[in-house]
Amino acid sequence: MSILRKGYGTYHRVIELRTPSPAHLGVRAEPGSPPQVAAPAPASGGTAAPTAGPPPLDLLANFAPLVTAIRWGTVAIGLALAALDDFEPTRLLTLGVPLVAYAAVRTVRPLRYLTDRVTSLVMVLAEVALSLGIVVASGYWSSPYVFCLASAIVAAGFARGFGFAIRTAFAAVAGVAIPYHVTTLFPDALVTVQWGGELVLIALVAGYARRLFGQAEEQNAIARQTNDLLAQLNALAQTLPASLDLDETIATTIRQLRDLFPLDVVVVLLREDRGAGWAVVGAQGVRLAPAVAEENLPGPARRALARGEPCLSLEAGGMSPASKAGIYLPLQARDRLIGLVAVESRSHDQLGHRELLLGEGVAAQAALAIDNARWFSRLRTVGADDERDRIARDLHDRVGQSLAFVSFELDRIGRQPDARPVADDLLHLREQVRQVVTEVRDTLYDLRTDVSDRKDLVATLDEFLDRVAERTGLEVRFDHSASHRLPVRQEREMWRIAQEAVTNAYRHAEPSVVGVRWQCDEARAVLEVHDDGRGLPAPTGHPTPGARADRYGILGMQERAAAIGARLEISSAPGAGTTVRCELQRPPVTAPANGGR
């Protein structure tokens, strides 16, 4: 079992592996070597078809310009020293021709050191042998080409690091020193020690440079991988559900997971409000009961829930018996565990550490979206009860009182003497009945009017304000600027807030002008309703401004604004009119408006 933790209260990752594989986890085999890239897993489920491994890496590719420059520099120094020799410059220059030819060939076709290729090792050793032969033939340690051994040792160090460079250096020193001490009449051991030390130091420098470059290369690879993950998570965050509908949120989350992972099974569980079970709110690739007891969940899922940490498991079995690998992501929102997402594959090599990191970001985003949708669903249920109460009060205050008046008038007319004319009373009563019918018709029409996918808030408000102006005689002004639309559910709540504010104004404030302003762009949405009526009286101990007859409507507007995350402000003073302002900050990615929609 391997456990990776990120501390200081941020988050934890738990990776549980039955048979971990270094290649699968992206672990390098040797410090300083470049990051190894695993072969991509097949996109579809089932048994993976055999695929070719990754191409071999050229470990000298990044050092080729430097190796070429060192090779030409040492050859140039050797040729200069040979030309300045007092005894046999021609012979020494002739011995340098193979080195010049080799340097020219390696300039056109640089030396390569491919991983897992014996020929690459042979080519590096061949350069060492060539330089060694020329040095031995041209005077051992007094040879003008002794520096050419340095280029071969540097290439060896850049190719395989400290060990190979030092072994190559000792081999070169031995290759020169042994024949030197055997064939020379009075060999100088100090010269051998000096040149041998210099060549070993060159090997150490080359190996250390290889180590530093490998570490830098590793950090760059990690940075690129992290940047790719962040870019994918950022793109994912832009497309994760912004809807407050729970079913739509779950469906969008599953769709995003299927786009990200080569998975065969995905299950979304939410903690039931009562009891210790888990409700299955989304499942693809497996058939499950509507609810699952916690003890019936697979072991990795239970451990992920107990620890509150994402879990990668290569154990056989899971939510589906055919699964061979799975990622289990707890959903935590507002410091509460609300659910679990299980992503499973029927192949061992489909899910790994990279998918775990991506899943971690998905779980963080999806948990908040799902929790918001659940709370909004509960608020909608409570709001429906309040809405029924409001409609009942509305019908009682308007239609009920009017019908009661008609009933009283009929009783009064019925008690009058037969000789008294009732024509005028009946005309007056007919007018009252006509007003009642109009009130009922307007009330029902307003209740049926709503925002939809095809009818945006601008069109709905425009139609409603025309009816208000027609039946009240008020001057109604409507200014709007909508380059974008809100989600339908949020726009619907904005419409009801505007309807309530306008209705309160013409019923209770006795205004002459009612103004409505609607602005919606990619950054925010603002609704303002202003009237020049008598305003709200000063508060008298009530938590809500005003003691006017529309105080229940104000409470309803505040509840609607809170349900969509908007801020509602009501400013008023006695005799100075009232302004209702509702503002909603929104993410900057939405579909552009089309004709106000």
# chains A, B, ... in the order shown; residues from 1 in each chain; ligands from 1

call {"tool": "residues_around", "arguments": {"residues": "region 496-511 of chain A", "least_positions_apart": "2", "cutoff": "6 Å", "atoms": "only C-alpha atoms", "output": "PyMOL selection string"}}
result
chain A and resi 493-494+513+532-534+550+557

call {"tool": "select_by_dssp", "arguments": {"residues": "region 49-189 of chain A", "states": "helix (DSSP H, G or I)", "output": "ChimeraX atom specification"}}
result
/A:61-83,89-108,118-137,140-142,148-160,162-183,189

call {"tool": "closest_residue", "arguments": {"among": "A:Val136, A:Ala562, A:Leu201, A:Ala333", "to": "Arg374 (chain A)", "atoms": "only C-alpha atoms"}}
result
A:Ala333

call {"tool": "closest_residue", "arguments": {"among": "A:Ala369, A:Ser143, A:Gly575, A:Ala279", "to": "Ala251 (chain A)", "atoms": "only C-alpha atoms"}}
result
A:Ala369

call {"tool": "closest_residue", "arguments": {"among": "A:Val75, A:Ala342, A:Ala137, A:Ala367", "to": "Thr249 (chain A)", "atoms": "only C-alpha atoms"}}
result
A:Ala367

call {"tool": "closest_residue", "arguments": {"among": "A:Ala159, A:Val406, A:Val268, A:Gly318", "to": "Ile338 (chain A)", "atoms": "only C-alpha atoms"}}
result
A:Val268

call {"tool": "atom_distance", "arguments": {"atom1": "CA of Ala363 (chain A)", "atom2": "CA of Leu486 (chain A)"}}
result
25.0 Å

call {"tool": "atom_distance", "arguments": {"atom1": "CA of Glu127 (chain A)", "atom2": "CA of Tyr208 (chain A)"}}
result
21.1 Å

call {"tool": "closest_residue", "arguments": {"among": "A:Phe162, A:Trp278, A:Trp495, A:Phe87", "to": "Leu204 (chain A)", "atoms": "only C-alpha atoms"}}
result
A:Phe162

call {"tool": "residues_around", "arguments": {"residues": "region 91-105 of chain A", "least_positions_apart": "4", "cutoff": "7 Å", "atoms": "only C-alpha atoms", "output": "ChimeraX atom specification"}}
result
/A:71-72,75,79,82-83,109,134,138

call {"tool": "residues_around", "arguments": {"residues": "Leu149 (chain A)", "least_positions_apart": "5", "cutoff": "9 Å", "atoms": "only C-alpha atoms", "output": "list in words"}}
result
Thr74, Glu127, Val128, Ser131, Leu132, Val135, Val154, Ala169, Ala172 and Leu199 of chain A

call {"tool": "write_last_selection", "arguments": {"atoms": "all heavy atoms", "output": "PDB file, in the first residue's frame"}}
result
ATOM      1  N   THR A  74      38.711  20.442 -28.762  1.00  0.00           N
ATOM      2  CA  THR A  74      39.873  19.599 -28.422  1.00  0.00           C
ATOM      3  C   THR A  74      40.665  19.213 -29.671  1.00  0.00           C
ATOM      4  O   THR A  74      41.905  19.150 -29.634  1.00  0.00           O
ATOM      5  CB  THR A  74      39.404  18.336 -27.684  1.00  0.00           C
ATOM      6  OG1 THR A  74      38.433  17.628 -28.491  1.00  0.00           O
ATOM      7  CG2 THR A  74      38.774  18.688 -26.345  1.00  0.00           C
ATOM      8  N   GLU A 127      34.246   5.987 -29.817  1.00  0.00           N
ATOM      9  CA  GLU A 127      34.889   7.310 -29.801  1.00  0.00           C
ATOM     10  C   GLU A 127      36.035   7.339 -28.798  1.00  0.00           C
ATOM     11  O   GLU A 127      37.101   7.910 -29.064  1.00  0.00           O
ATOM     12  CB  GLU A 127      33.867   8.399 -29.466  1.00  0.00           C
ATOM     13  CG  GLU A 127      34.486   9.786 -29.420  1.00  0.00           C
ATOM     14  CD  GLU A 127      33.463  10.906 -29.341  1.00  0.00           C
ATOM     15  OE1 GLU A 127      32.257  10.608 -29.470  1.00  0.00           O
ATOM     16  OE2 GLU A 127      33.871  12.059 -29.162  1.00  0.00           O
ATOM     17  N   VAL A 128      35.812   6.701 -27.642  1.00  0.00           N
ATOM     18  CA  VAL A 128      36.887   6.620 -26.652  1.00  0.00           C
ATOM     19  C   VAL A 128      38.087   5.857 -27.235  1.00  0.00           C
ATOM     20  O   VAL A 128      39.251   6.268 -27.087  1.00  0.00           O
ATOM     21  CB  VAL A 128      36.385   5.937 -25.359  1.00  0.00           C
ATOM     22  CG1 VAL A 128      37.534   5.758 -24.374  1.00  0.00           C
ATOM     23  CG2 VAL A 128      35.262   6.743 -24.737  1.00  0.00           C
ATOM     24  N   SER A 131      40.038   7.996 -29.882  1.00  0.00           N
ATOM     25  CA  SER A 131      40.890   9.010 -29.255  1.00  0.00           C
ATOM     26  C   SER A 131      42.070   8.358 -28.545  1.00  0.00           C
ATOM     27  O   SER A 131      43.214   8.863 -28.604  1.00  0.00           O
ATOM     28  CB  SER A 131      40.074   9.836 -28.261  1.00  0.00           C
ATOM     29  OG  SER A 131      38.985  10.461 -28.901  1.00  0.00           O
ATOM     30  N   LEU A 132      41.790   7.243 -27.873  1.00  0.00           N
ATOM     31  CA  LEU A 132      42.849   6.554 -27.143  1.00  0.00           C
ATOM     32  C   LEU A 132      43.937   6.065 -28.090  1.00  0.00           C
ATOM     33  O   LEU A 132      45.155   6.194 -27.822  1.00  0.00           O
ATOM     34  CB  LEU A 132      42.248   5.378 -26.366  1.00  0.00           C
ATOM     35  CG  LEU A 132      43.180   4.620 -25.421  1.00  0.00           C
ATOM     36  CD1 LEU A 132      43.728   5.535 -24.343  1.00  0.00           C
ATOM     37  CD2 LEU A 132      42.430   3.440 -24.799  1.00  0.00           C
ATOM     38  N   VAL A 135      46.084   9.005 -29.284  1.00  0.00           N
ATOM     39  CA  VAL A 135      46.951   9.500 -28.201  1.00  0.00           C
ATOM     40  C   VAL A 135      48.145   8.571 -28.001  1.00  0.00           C
ATOM     41  O   VAL A 135      49.306   9.010 -27.857  1.00  0.00           O
ATOM     42  CB  VAL A 135      46.134   9.658 -26.895  1.00  0.00           C
ATOM     43  CG1 VAL A 135      47.061   9.894 -25.710  1.00  0.00           C
ATOM     44  CG2 VAL A 135      45.144  10.802 -27.032  1.00  0.00           C
ATOM     45  N   VAL A 154      33.368  13.292 -21.708  1.00  0.00           N
ATOM     46  CA  VAL A 154      32.200  14.174 -21.524  1.00  0.00           C
ATOM     47  C   VAL A 154      30.964  13.555 -22.159  1.00  0.00           C
ATOM     48  O   VAL A 154      29.874  13.558 -21.571  1.00  0.00           O
ATOM     49  CB  VAL A 154      32.484  15.569 -22.120  1.00  0.00           C
ATOM     50  CG1 VAL A 154      31.195  16.370 -22.236  1.00  0.00           C
ATOM     51  CG2 VAL A 154      33.481  16.309 -21.253  1.00  0.00           C
ATOM     52  N   ALA A 169      36.653   7.177 -17.807  1.00  0.00           N
ATOM     53  CA  ALA A 169      37.878   7.929 -17.528  1.00  0.00           C
ATOM     54  C   ALA A 169      38.996   6.995 -17.055  1.00  0.00           C
ATOM     55  O   ALA A 169      40.157   7.094 -17.509  1.00  0.00           O
ATOM     56  CB  ALA A 169      37.601   9.008 -16.489  1.00  0.00           C
ATOM     57  N   ALA A 172      40.316   5.064 -19.966  1.00  0.00           N
ATOM     58  CA  ALA A 172      41.179   5.878 -20.819  1.00  0.00           C
ATOM     59  C   ALA A 172      42.554   6.079 -20.175  1.00  0.00           C
ATOM     60  O   ALA A 172      43.601   6.009 -20.851  1.00  0.00           O
ATOM     61  CB  ALA A 172      40.517   7.228 -21.106  1.00  0.00           C
ATOM     62  N   LEU A 199      41.492  13.883 -16.097  1.00  0.00           N
ATOM     63  CA  LEU A 199      40.435  13.160 -16.824  1.00  0.00           C
ATOM     64  C   LEU A 199      39.331  12.681 -15.884  1.00  0.00           C
ATOM     65  O   LEU A 199      38.133  12.713 -16.245  1.00  0.00           O
ATOM     66  CB  LEU A 199      41.047  11.975 -17.581  1.00  0.00           C
ATOM     67  CG  LEU A 199      41.992  12.338 -18.734  1.00  0.00           C
ATOM     68  CD1 LEU A 199      42.558  11.078 -19.382  1.00  0.00           C
ATOM     69  CD2 LEU A 199      41.265  13.178 -19.787  1.00  0.00           C
TER      70      LEU A 199
END

call {"tool": "atom_distance", "arguments": {"atom1": "CA of Asp531 (chain A)", "atom2": "CA of Gly577 (chain A)"}}
result
5.4 Å

call {"tool": "residues_around", "arguments": {"residues": "Arg489 (chain A)", "least_positions_apart": "3", "cutoff": "9 Å", "atoms": "only C-alpha atoms", "output": "PyMOL selection string"}}
result
chain A and resi 243-245+451-452+486+492-494+564

call {"tool": "write_last_selection", "arguments": {"atoms": "N, CA, C and O atoms", "output": "tab-separated table (two decimals), in the first residue's frame"}}
result
chain	number	residue	atom	x	y	z
A	243	SER	N	-26.27	24.60	-13.22
A	243	SER	CA	-27.70	24.47	-12.98
A	243	SER	C	-27.97	24.15	-11.52
A	243	SER	O	-27.13	23.56	-10.83
A	244	LEU	N	-29.14	24.54	-11.05
A	244	LEU	CA	-29.55	24.22	-9.69
A	244	LEU	C	-30.53	23.05	-9.67
A	244	LEU	O	-31.14	22.78	-8.64
A	245	ASP	N	-30.67	22.38	-10.80
A	245	ASP	CA	-31.49	21.18	-10.86
A	245	ASP	C	-30.61	19.97	-10.55
A	245	ASP	O	-29.58	19.75	-11.21
A	451	VAL	N	-41.26	32.60	-17.15
A	451	VAL	CA	-40.09	32.57	-18.01
A	451	VAL	C	-39.86	31.12	-18.46
A	451	VAL	O	-40.10	30.18	-17.70
A	452	SER	N	-39.40	30.96	-19.70
A	452	SER	CA	-39.11	29.62	-20.22
A	452	SER	C	-37.87	29.70	-21.11
A	452	SER	O	-37.25	30.75	-21.27
A	486	LEU	N	-29.60	34.49	-17.98
A	486	LEU	CA	-29.35	33.64	-16.82
A	486	LEU	C	-29.89	32.25	-17.12
A	486	LEU	O	-30.71	32.07	-18.03
A	492	ARG	N	-36.25	32.85	-13.69
A	492	ARG	CA	-37.63	32.73	-13.23
A	492	ARG	C	-37.81	33.38	-11.86
A	492	ARG	O	-38.81	34.06	-11.61
A	493	GLU	N	-36.83	33.18	-10.97
A	493	GLU	CA	-36.93	33.81	-9.65
A	493	GLU	C	-36.82	35.32	-9.77
A	493	GLU	O	-37.50	36.06	-9.06
A	494	MET	N	-35.97	35.82	-10.68
A	494	MET	CA	-35.88	37.26	-10.92
A	494	MET	C	-37.22	37.82	-11.41
A	494	MET	O	-37.65	38.91	-11.02
A	564	ILE	N	-31.34	31.88	-5.00
A	564	ILE	CA	-30.48	31.86	-6.19
A	564	ILE	C	-29.14	32.54	-5.93
A	564	ILE	O	-28.36	32.78	-6.86

call {"tool": "decode", "arguments": {"residues": "region 482-550 of chain A", "atoms": "C-alpha atoms", "output": "mmCIF file, in the first residue's frame"}}
result
data_model
loop_
_atom_site.group_PDB
_atom_site.id
_atom_site.type_symbol
_atom_site.label_atom_id
_atom_site.label_comp_id
_atom_site.auth_asym_id
_atom_site.auth_seq_id
_atom_site.Cartn_x
_atom_site.Cartn_y
_atom_site.Cartn_z
ATOM 1 C CA ALA A 482 -29.398 42.040 -21.803
ATOM 2 C CA SER A 483 -26.437 40.685 -23.750
ATOM 3 C CA HIS A 484 -26.696 37.314 -21.958
ATOM 4 C CA ARG A 485 -29.327 35.180 -20.272
ATOM 5 C CA LEU A 486 -29.349 33.642 -16.823
ATOM 6 C CA PRO A 487 -30.172 29.955 -16.390
ATOM 7 C CA VAL A 488 -33.948 29.585 -16.656
ATOM 8 C CA ARG A 489 -34.470 28.792 -12.983
ATOM 9 C CA GLN A 490 -32.550 31.866 -11.834
ATOM 10 C CA GLU A 491 -34.276 34.056 -14.405
ATOM 11 C CA ARG A 492 -37.633 32.728 -13.235
ATOM 12 C CA GLU A 493 -36.927 33.814 -9.654
ATOM 13 C CA MET A 494 -35.881 37.264 -10.917
ATOM 14 C CA TRP A 495 -39.183 37.491 -12.791
ATOM 15 C CA ARG A 496 -41.201 36.666 -9.682
ATOM 16 C CA ILE A 497 -39.261 39.263 -7.673
ATOM 17 C CA ALA A 498 -40.013 41.899 -10.321
ATOM 18 C CA GLN A 499 -43.679 40.877 -10.454
ATOM 19 C CA GLU A 500 -44.008 41.098 -6.677
ATOM 20 C CA ALA A 501 -42.272 44.479 -6.506
ATOM 21 C CA VAL A 502 -44.436 46.007 -9.256
ATOM 22 C CA THR A 503 -47.638 44.543 -7.772
ATOM 23 C CA ASN A 504 -46.769 45.889 -4.326
ATOM 24 C CA ALA A 505 -46.108 49.316 -5.824
ATOM 25 C CA TYR A 506 -49.432 49.788 -7.628
ATOM 26 C CA ARG A 507 -51.515 48.187 -4.889
ATOM 27 C CA HIS A 508 -50.083 49.875 -1.834
ATOM 28 C CA ALA A 509 -47.836 52.823 -2.729
ATOM 29 C CA GLU A 510 -50.282 54.927 -4.827
ATOM 30 C CA PRO A 511 -47.560 55.923 -7.334
ATOM 31 C CA SER A 512 -47.875 57.831 -10.572
ATOM 32 C CA VAL A 513 -44.804 56.263 -12.207
ATOM 33 C CA VAL A 514 -43.307 52.789 -11.888
ATOM 34 C CA GLY A 515 -39.890 52.153 -13.458
ATOM 35 C CA VAL A 516 -38.252 48.784 -14.088
ATOM 36 C CA ARG A 517 -34.613 48.324 -15.153
ATOM 37 C CA TRP A 518 -33.036 44.989 -16.161
ATOM 38 C CA GLN A 519 -29.367 44.560 -17.010
ATOM 39 C CA CYS A 520 -27.671 41.216 -17.644
ATOM 40 C CA ASP A 521 -24.169 40.615 -18.993
ATOM 41 C CA GLU A 522 -21.462 38.011 -18.526
ATOM 42 C CA ALA A 523 -20.461 39.415 -15.109
ATOM 43 C CA ARG A 524 -23.735 40.126 -13.303
ATOM 44 C CA ALA A 525 -27.492 40.568 -13.506
ATOM 45 C CA VAL A 526 -29.265 43.554 -11.920
ATOM 46 C CA LEU A 527 -33.007 44.101 -11.485
ATOM 47 C CA GLU A 528 -34.384 47.430 -10.186
ATOM 48 C CA VAL A 529 -38.018 48.395 -9.568
ATOM 49 C CA HIS A 530 -38.676 51.993 -8.518
ATOM 50 C CA ASP A 531 -41.878 53.868 -7.779
ATOM 51 C CA ASP A 532 -42.591 57.463 -6.722
ATOM 52 C CA GLY A 533 -45.306 56.478 -4.276
ATOM 53 C CA ARG A 534 -45.713 57.084 -0.572
ATOM 54 C CA GLY A 535 -42.852 54.785 0.357
ATOM 55 C CA LEU A 536 -42.458 52.459 3.301
ATOM 56 C CA PRO A 537 -43.120 53.720 6.807
ATOM 57 C CA ALA A 538 -40.232 53.735 9.272
ATOM 58 C CA PRO A 539 -39.520 50.372 10.933
ATOM 59 C CA THR A 540 -41.317 49.795 14.208
ATOM 60 C CA GLY A 541 -39.570 46.761 15.643
ATOM 61 C CA HIS A 542 -40.077 44.585 12.566
ATOM 62 C CA PRO A 543 -37.007 42.804 11.128
ATOM 63 C CA THR A 544 -38.211 43.668 7.634
ATOM 64 C CA PRO A 545 -38.448 47.329 6.574
ATOM 65 C CA GLY A 546 -41.955 48.688 6.601
ATOM 66 C CA ALA A 547 -45.238 47.722 8.173
ATOM 67 C CA ARG A 548 -47.221 48.164 4.990
ATOM 68 C CA ALA A 549 -49.691 45.577 3.794
ATOM 69 C CA ASP A 550 -47.085 44.201 1.350
#
